[in-house]
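Colleague: Once you've had a glance at the structure underneath, I'll fire off some questions.
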Amino acid sequence: MLFQIKAYLKFLWDSKNEHAVHSPFVFSLLTKCFYDKKTKPEYAILKNYRKSLLKNKNFIEVTDFGAGSKVFKSNKRQISKIAQTAGISPKRAELLFRVSNYFQPQNILEIGTSLGLATSALALGNPKAKVITIEGCPNTAGIAKNQLNEFDCKNVENVISEFESFLISENLQASNYNLIYFDGNHSKRATLAYFDLLLPTIDNDSVWIFDDIHWSEEMEEAWEIIKNHPKVKVTIDTFQWGFVFFRREQPKEHFIIRT
């Protein structure tokens, strides 16, 4: 916790808003997407999706393949508590919806479904997109699948698999993903492994979003390595998320932006 407080204070010191951005691509993204304050009809669906989970007092046994939880001490967890503490926040869900809506990606991959709060935002952002979401824990994936069906997110394919097993499959390597949301394993080794395995799937307009880039010192190290990769052209650090773009026509630039 102390590490994250220090990291956040540094972020506040270094971060800027749209007025300090001279890249037309990033300026447009900030003003038309990140800072869009207009209410969307889909926000009500996201809110009700969350409410439904917060009312669910059932317990499930969670299989955790990632870096572990800083909140839960046991693998037997109440669904409402998972939604309350481990799920994406309402503000972040709305931003993820806007990002999906802004870029209109046709193929979306999410690594780490959890209860599907972020999945629903991605799916609602572009109902015409095909969303593949991977979850290692069968019990958690089952709850998410039921929720997504209940809230009419029909464009989602739920895959139960350990992440690396899925990512090394031949079918994946032949795919192109326009948007990938990484929220499955907050360790340096896994983050960089996923980065390398998924590089063959990028096109010029691909958008990658890494969750919890300031989770730990080693996650910050992973973020620095990703930023310096020759194929990475533009990055945006919003503290919670790291956005990565591969646009060949862009000069290499890194932004630290308050959202």
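Scheme for the structure tokens: letters A, B, ... for chains in order shown; per-chain residue numbers from 1; ligand numbers from 1 in order shown.
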Give me, as number ranges by chain, all polymer residues having an atom no more than 10 Å from A:Pro90, counting only C-alpha atoms and skipping those fewer than 2 positions away in the same chain.
Modeller: A: 43, 46-47, 50, 87-88, 92-96, 117-118
Colleague: Could you write out that same residue set with N, CA and C atoms as a compact mmCIF listing (two decimals), in the first residue's frame?
Modeller:
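Just written: result30.txt:
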# COMPACT_ATOMS: atom_id res chain seq x y z
N TYR A 43 -24.83 3.51 -19.69
CA TYR A 43 -24.37 3.63 -18.31
C TYR A 43 -25.37 3.01 -17.33
N LEU A 46 -24.78 -0.70 -17.27
CA LEU A 46 -23.58 -1.00 -16.47
C LEU A 46 -23.89 -0.89 -14.97
N LYS A 47 -24.68 0.11 -14.62
CA LYS A 47 -25.03 0.32 -13.22
C LYS A 47 -25.88 -0.84 -12.70
N ARG A 50 -23.88 -4.05 -12.20
CA ARG A 50 -23.14 -4.00 -10.93
C ARG A 50 -24.09 -4.24 -9.75
N GLY A 87 -13.71 -5.84 -8.58
CA GLY A 87 -14.20 -5.47 -9.91
C GLY A 87 -13.80 -4.07 -10.30
N ILE A 88 -13.95 -3.79 -11.57
CA ILE A 88 -13.67 -2.45 -12.10
C ILE A 88 -14.64 -1.44 -11.47
N ARG A 92 -14.43 3.72 -14.02
CA ARG A 92 -13.56 3.03 -14.99
C ARG A 92 -14.39 2.25 -16.01
N ALA A 93 -15.49 1.65 -15.56
CA ALA A 93 -16.36 0.92 -16.49
C ALA A 93 -16.91 1.87 -17.56
N GLU A 94 -17.30 3.07 -17.14
CA GLU A 94 -17.82 4.05 -18.10
C GLU A 94 -16.72 4.50 -19.07
N LEU A 95 -15.50 4.67 -18.56
CA LEU A 95 -14.39 5.05 -19.44
C LEU A 95 -14.08 3.92 -20.43
N LEU A 96 -14.11 2.67 -19.95
CA LEU A 96 -13.83 1.54 -20.85
C LEU A 96 -14.91 1.44 -21.93
N LEU A 117 -17.69 -7.31 -15.25
CA LEU A 117 -18.02 -5.88 -15.19
C LEU A 117 -17.33 -5.13 -16.34
N ALA A 118 -16.05 -5.40 -16.56
CA ALA A 118 -15.33 -4.75 -17.66
C ALA A 118 -15.79 -5.32 -19.00
Colleague: Using only C-alpha atoms, find each residue in stretch 57-169 of chain A having at least one atom no more than 9 Å away from stretch 22-33 of chain A; report its shortest atom-to-atom pair and that distance in Å (one decimal), rows by chain then rising number, as JSON lines.
Modeller:
{"residue": "A:Leu95", "atom": "CA", "partner": "A:Cys33", "partner_atom": "CA", "distance": 7.7}
{"residue": "A:Arg98", "atom": "CA", "partner": "A:Cys33", "partner_atom": "CA", "distance": 5.8}
{"residue": "A:Val99", "atom": "CA", "partner": "A:Cys33", "partner_atom": "CA", "distance": 6.4}
{"residue": "A:Asn101", "atom": "CA", "partner": "A:Cys33", "partner_atom": "CA", "distance": 8.6}
{"residue": "A:Tyr102", "atom": "CA", "partner": "A:Cys33", "partner_atom": "CA", "distance": 6.4}
Colleague: Find, counting only C-alpha atoms, the residue in A:Glu18, A:Glu224, A:Asp203, A:Glu150 that gets nearest to A:Arg248.
Modeller: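 Looking only at the distances to A:Arg248, the closest residue turns out to be A:Asp203.
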Colleague: Quick one: everything within 10 Å of A:Lys55, counting only C-alpha atoms, minus sequence neighbours fewer than 4 positions away in the same chain. Send it as a PyMOL selection string.
Modeller: chain A and resi 50-51+79-81+83
Colleague: For the residues in the current selection, export C-alpha atoms as a PDB file, in the first residue's frame.
Modeller:
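Just written: again_26.pdb:
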ATOM      1  CA  ARG A  50     -23.144  -4.003 -10.934  1.00  0.00           C
ATOM      2  CA  LYS A  51     -26.219  -3.710  -8.678  1.00  0.00           C
ATOM      3  CA  ILE A  79     -19.875 -12.639  -5.029  1.00  0.00           C
ATOM      4  CA  SER A  80     -21.020  -9.250  -3.730  1.00  0.00           C
ATOM      5  CA  LYS A  81     -17.619  -8.707  -2.074  1.00  0.00           C
ATOM      6  CA  ALA A  83     -17.827  -7.089  -7.199  1.00  0.00           C
TER       7      ALA A  83
END
Colleague: Going by DSSP on the backbone, which bits of stretch 45-93 of chain A are strand (DSSP E or B)? Write them as a list in words, please.
Modeller: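 Selection result, strand (DSSP E or B) within stretch 45-93 of chain A: Phe59, Ile60, Glu61, Lys76, Arg77 and Gln78 of chain A.
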Colleague: Would you put the residues from that selection into a file with all heavy atoms, as a compact mmCIF listing (two decimals), in the first residue's frame?
Modeller:
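Below is the file that was written, selection-v3.txt:
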# COMPACT_ATOMS: atom_id res chain seq x y z
N PHE A 59 -21.65 -17.56 -2.08
CA PHE A 59 -20.20 -17.75 -2.04
C PHE A 59 -19.78 -18.69 -3.17
O PHE A 59 -20.51 -19.62 -3.52
CB PHE A 59 -19.77 -18.35 -0.69
CG PHE A 59 -19.77 -17.37 0.44
CD1 PHE A 59 -20.94 -17.04 1.11
CD2 PHE A 59 -18.59 -16.75 0.84
CE1 PHE A 59 -20.95 -16.13 2.16
CE2 PHE A 59 -18.58 -15.84 1.90
CZ PHE A 59 -19.76 -15.53 2.55
N ILE A 60 -18.59 -18.44 -3.71
CA ILE A 60 -17.98 -19.36 -4.67
C ILE A 60 -16.54 -19.63 -4.27
O ILE A 60 -15.91 -18.83 -3.57
CB ILE A 60 -18.02 -18.82 -6.12
CG1 ILE A 60 -17.32 -17.45 -6.22
CG2 ILE A 60 -19.43 -18.75 -6.66
CD1 ILE A 60 -17.15 -16.96 -7.66
N GLU A 61 -16.02 -20.77 -4.71
CA GLU A 61 -14.61 -21.10 -4.52
C GLU A 61 -13.84 -20.57 -5.72
O GLU A 61 -14.11 -20.95 -6.86
CB GLU A 61 -14.45 -22.62 -4.41
CG GLU A 61 -13.08 -23.07 -3.90
CD GLU A 61 -12.88 -22.84 -2.41
OE1 GLU A 61 -13.88 -22.81 -1.66
OE2 GLU A 61 -11.71 -22.71 -2.01
N LYS A 76 -12.54 -18.89 -0.73
CA LYS A 76 -14.00 -18.90 -0.67
C LYS A 76 -14.46 -17.46 -0.51
O LYS A 76 -14.21 -16.82 0.51
CB LYS A 76 -14.48 -19.76 0.50
CG LYS A 76 -15.99 -19.98 0.50
CD LYS A 76 -16.43 -20.90 1.63
CE LYS A 76 -17.94 -21.12 1.56
NZ LYS A 76 -18.42 -21.97 2.67
N ARG A 77 -15.12 -16.94 -1.53
CA ARG A 77 -15.42 -15.51 -1.57
C ARG A 77 -16.88 -15.25 -1.92
O ARG A 77 -17.46 -15.95 -2.75
CB ARG A 77 -14.51 -14.80 -2.57
CG ARG A 77 -13.03 -14.98 -2.25
CD ARG A 77 -12.12 -14.46 -3.34
NE ARG A 77 -10.74 -14.85 -3.08
CZ ARG A 77 -9.72 -14.64 -3.91
NH1 ARG A 77 -9.94 -14.01 -5.05
NH2 ARG A 77 -8.50 -15.05 -3.60
N GLN A 78 -17.43 -14.22 -1.31
CA GLN A 78 -18.81 -13.83 -1.59
C GLN A 78 -18.85 -12.99 -2.86
O GLN A 78 -18.03 -12.09 -3.07
CB GLN A 78 -19.37 -13.02 -0.41
CG GLN A 78 -20.87 -12.87 -0.41
CD GLN A 78 -21.38 -12.24 0.88
OE1 GLN A 78 -20.71 -11.40 1.47
NE2 GLN A 78 -22.56 -12.66 1.32
